[in-house]
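One structure below.
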Amino acid sequence: SLWSSSQSCTATHPNCSNMPRASCLALALTAASTPASAYALIAGQPRGERSRRGSAEMNLAIMMNGLPGAMGREIASAAIRREGVTLAPFALTGAGMGGEVEVDGVTVRLYEPSEKEECARLAKVAYPEAGSLVCIDFTHPTAVNGNAEWYGANRLPFVMGTTGGDRDALFGVTRESGTYAVIAPNMAKQIVALQAALEQMASDFGGSFEGYALSVVESHQSTKADTSGTAKAVSTSLAKLTNEPDFTADDYAQIQRVRDTDEQLAGGGSSHRGCSPVPEAFLGGHAFHTYALTSADGNVEFQFRHNVCGRSTYAEGSVDAAVFLAKRVGAAAEQRVYDMVDVLKMGGI
């Protein structure tokens, strides 16, 4: 929704009572949000309605690395629903989390880090054709670089949705290995579109908000270990608009992280620069972001908000990215490394 001066700000956002209505501009995006195998590893597909965005001609398996985590489960379910897509019956997991997990009737064997090479061997045997297997990674920030090296060493195409780690090293090892990959901090197409628009705005009108101060607050479930990669990406563009290059210093230390549930339920308070109040039902899975640009005298403020409850929009976008990448692999595309803006621009979503 776009608030204008003709609307009552407090009617749509109760924390805006202290701002002049004409000065309150906020953009809010809210969302409720069979290969041969020596081991006969066949990923079954339960009956049910298939996603209309799939393709009957596709024969793609997703290795969901990050199970049994909540995001991994959500993506695995989305993959099972997608026409032409199956869930590989094996995947990587964290130390001490090996065993089996069932997702919508499909059993997946989980391999711990010490068993990585066995998992890679199974993948090559079960899915030998180019583009028949894509890994999706939603693991942990500490696993990002090691997993990327593993994907590269085994030429396994991957979608990296995990944030954190050494991003320069991530891109470097991926490009050096020649592995196909989609690497992005956010998989929701609407947020990706907003991010791309702000990048373009910063490129065209850099410094146009000079004299304004940027503040950024992000709220996620308490289990999220790192600062939001989306918040970092969007902040980079906004800091160019305000001409605040130091905002990105020390790994974006100025971004405020909210992980305390009481703070999340209460929201940003009277300043209205904090995150919107989080519904109690989504404390365990949400992504709320507020970016504020405030003039030096405090009389003018611009805000951008994107609030996502649940994980479904990210899950569907992750499967979109995997489908896109499989097609690029199958076509032997010259470009190997992509982000979600590439996916959006090339019609992959």
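By convention here, the chains of the structure tokens are called A, B, ... in the order presented, each chain's residues are numbered starting at 1, and ligands are numbered starting at 1 in the order presented.
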Using DSSP assignments from the backbone, pull out every residue in stretch 25-247 of chain A that falls under alpha helix (DSSP H) and give it to me as a VMD selection string. chain A and resid 70 to 81 116 to 126 144 to 153 167 to 177 189 to 204 229 to 242
List every residue of stretch 45-105 of chain A that has an atom at most 9 Å from any atom of stretch 117-134 of chain A, and for each one report the closest atom pair and its distance in Å to one decimal, counting only C-alpha atoms, with rows sorted by chain and then by increasing residue number, as a tab-separated table.
```
residue	atom	partner	partner_atom	distance
A:Met58	CA	A:Ser132	CA	8.7
A:Asn59	CA	A:Ser132	CA	6.2
A:Leu60	CA	A:Ser132	CA	4.7
A:Ala61	CA	A:Leu133	CA	4.8
A:Ile62	CA	A:Val134	CA	5.2
A:Met63	CA	A:Val134	CA	6.2
A:Met64	CA	A:Val134	CA	8.7
A:Ala88	CA	A:Leu133	CA	8.1
A:Phe90	CA	A:Cys119	CA	7.1
A:Ala91	CA	A:Cys119	CA	7.0
A:Leu92	CA	A:Cys119	CA	7.4
```
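Shortest separation to A:Ser312 among A:Tyr111, A:Gly285, A:Thr242, A:Thr142 occurs at residue A:Gly285, atoms counted being only C-alpha atoms.
Inside stretch 156-247 of chain A, the residues DSSP reads as strand (DSSP E or B) when given the backbone are Phe158, Val159, Met160, Ala181, Val182, Ile183, Ala213, Leu214, Ser215, Val216, Val217, Glu218, Ser219 and His220 of chain A.
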Expected file contents, prior selection, C-alpha atoms, as a PDB file, in the first residue's frame:
```pdb
ATOM      1  CA  PHE A 158      23.159 -24.542  -6.835  1.00  0.00           C
ATOM      2  CA  VAL A 159      20.847 -21.824  -5.588  1.00  0.00           C
ATOM      3  CA  MET A 160      22.413 -20.130  -2.564  1.00  0.00           C
ATOM      4  CA  ALA A 181      24.625 -20.812  -9.596  1.00  0.00           C
ATOM      5  CA  VAL A 182      21.989 -18.344  -8.494  1.00  0.00           C
ATOM      6  CA  ILE A 183      23.252 -16.420  -5.483  1.00  0.00           C
ATOM      7  CA  ALA A 213      20.014  10.170   7.596  1.00  0.00           C
ATOM      8  CA  LEU A 214      19.426   6.489   6.847  1.00  0.00           C
ATOM      9  CA  SER A 215      18.200   4.103   9.516  1.00  0.00           C
ATOM     10  CA  VAL A 216      17.424   0.422   8.993  1.00  0.00           C
ATOM     11  CA  VAL A 217      15.698  -2.057  11.293  1.00  0.00           C
ATOM     12  CA  GLU A 218      15.082  -5.717  10.467  1.00  0.00           C
ATOM     13  CA  SER A 219      13.193  -8.340  12.442  1.00  0.00           C
ATOM     14  CA  HIS A 220      13.424 -12.099  11.911  1.00  0.00           C
TER      15      HIS A 220
END
```
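Shortest atom-to-atom contact with A:Ala231 among A:Pro68, A:Pro185, A:Gly330, A:Gly96: A:Pro185, counting only C-alpha atoms.
Distances here use only C-alpha atoms; by that measure, the residue among A:Gln335, A:Thr93, A:Ile80, A:Gly146 closest to A:Val106 is A:Ile80.
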Which residue is closest to A:Leu110? Choose from A:Leu67, A:Leu87, A:Val173, A:Ile191 and count only C-alpha atoms. A:Leu67
Using only C-alpha atoms for the distances, tell me which of A:Met187, A:Leu344, A:Thr294, A:Asp250 is nearest to A:Val308. A:Met187
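Counting only C-alpha atoms, the residue from A:Ser222, A:Ser114, A:Thr230, A:Thr261 that sits nearest to A:Gly164 is A:Thr230.
Take atom CA of A:Ala287 and atom CA of A:Cys309: the distance between them is 6.6 Å.
Look at A:Gly211: the protein and nucleic acid residues within 10 Å of it, using only C-alpha atoms and passing over chain neighbours fewer than 5 places away, are Leu241, Thr242, Asn243, Glu244, Leu293, Thr294, Ser295, Ala296 and Asp297 of chain A.
Put simply, atom CA of A:Phe282 is 13.6 Å away from atom CA of A:Glu263.
The space between atom CA of A:Val341 and atom CA of A:Lys189 spans 8.5 Å.
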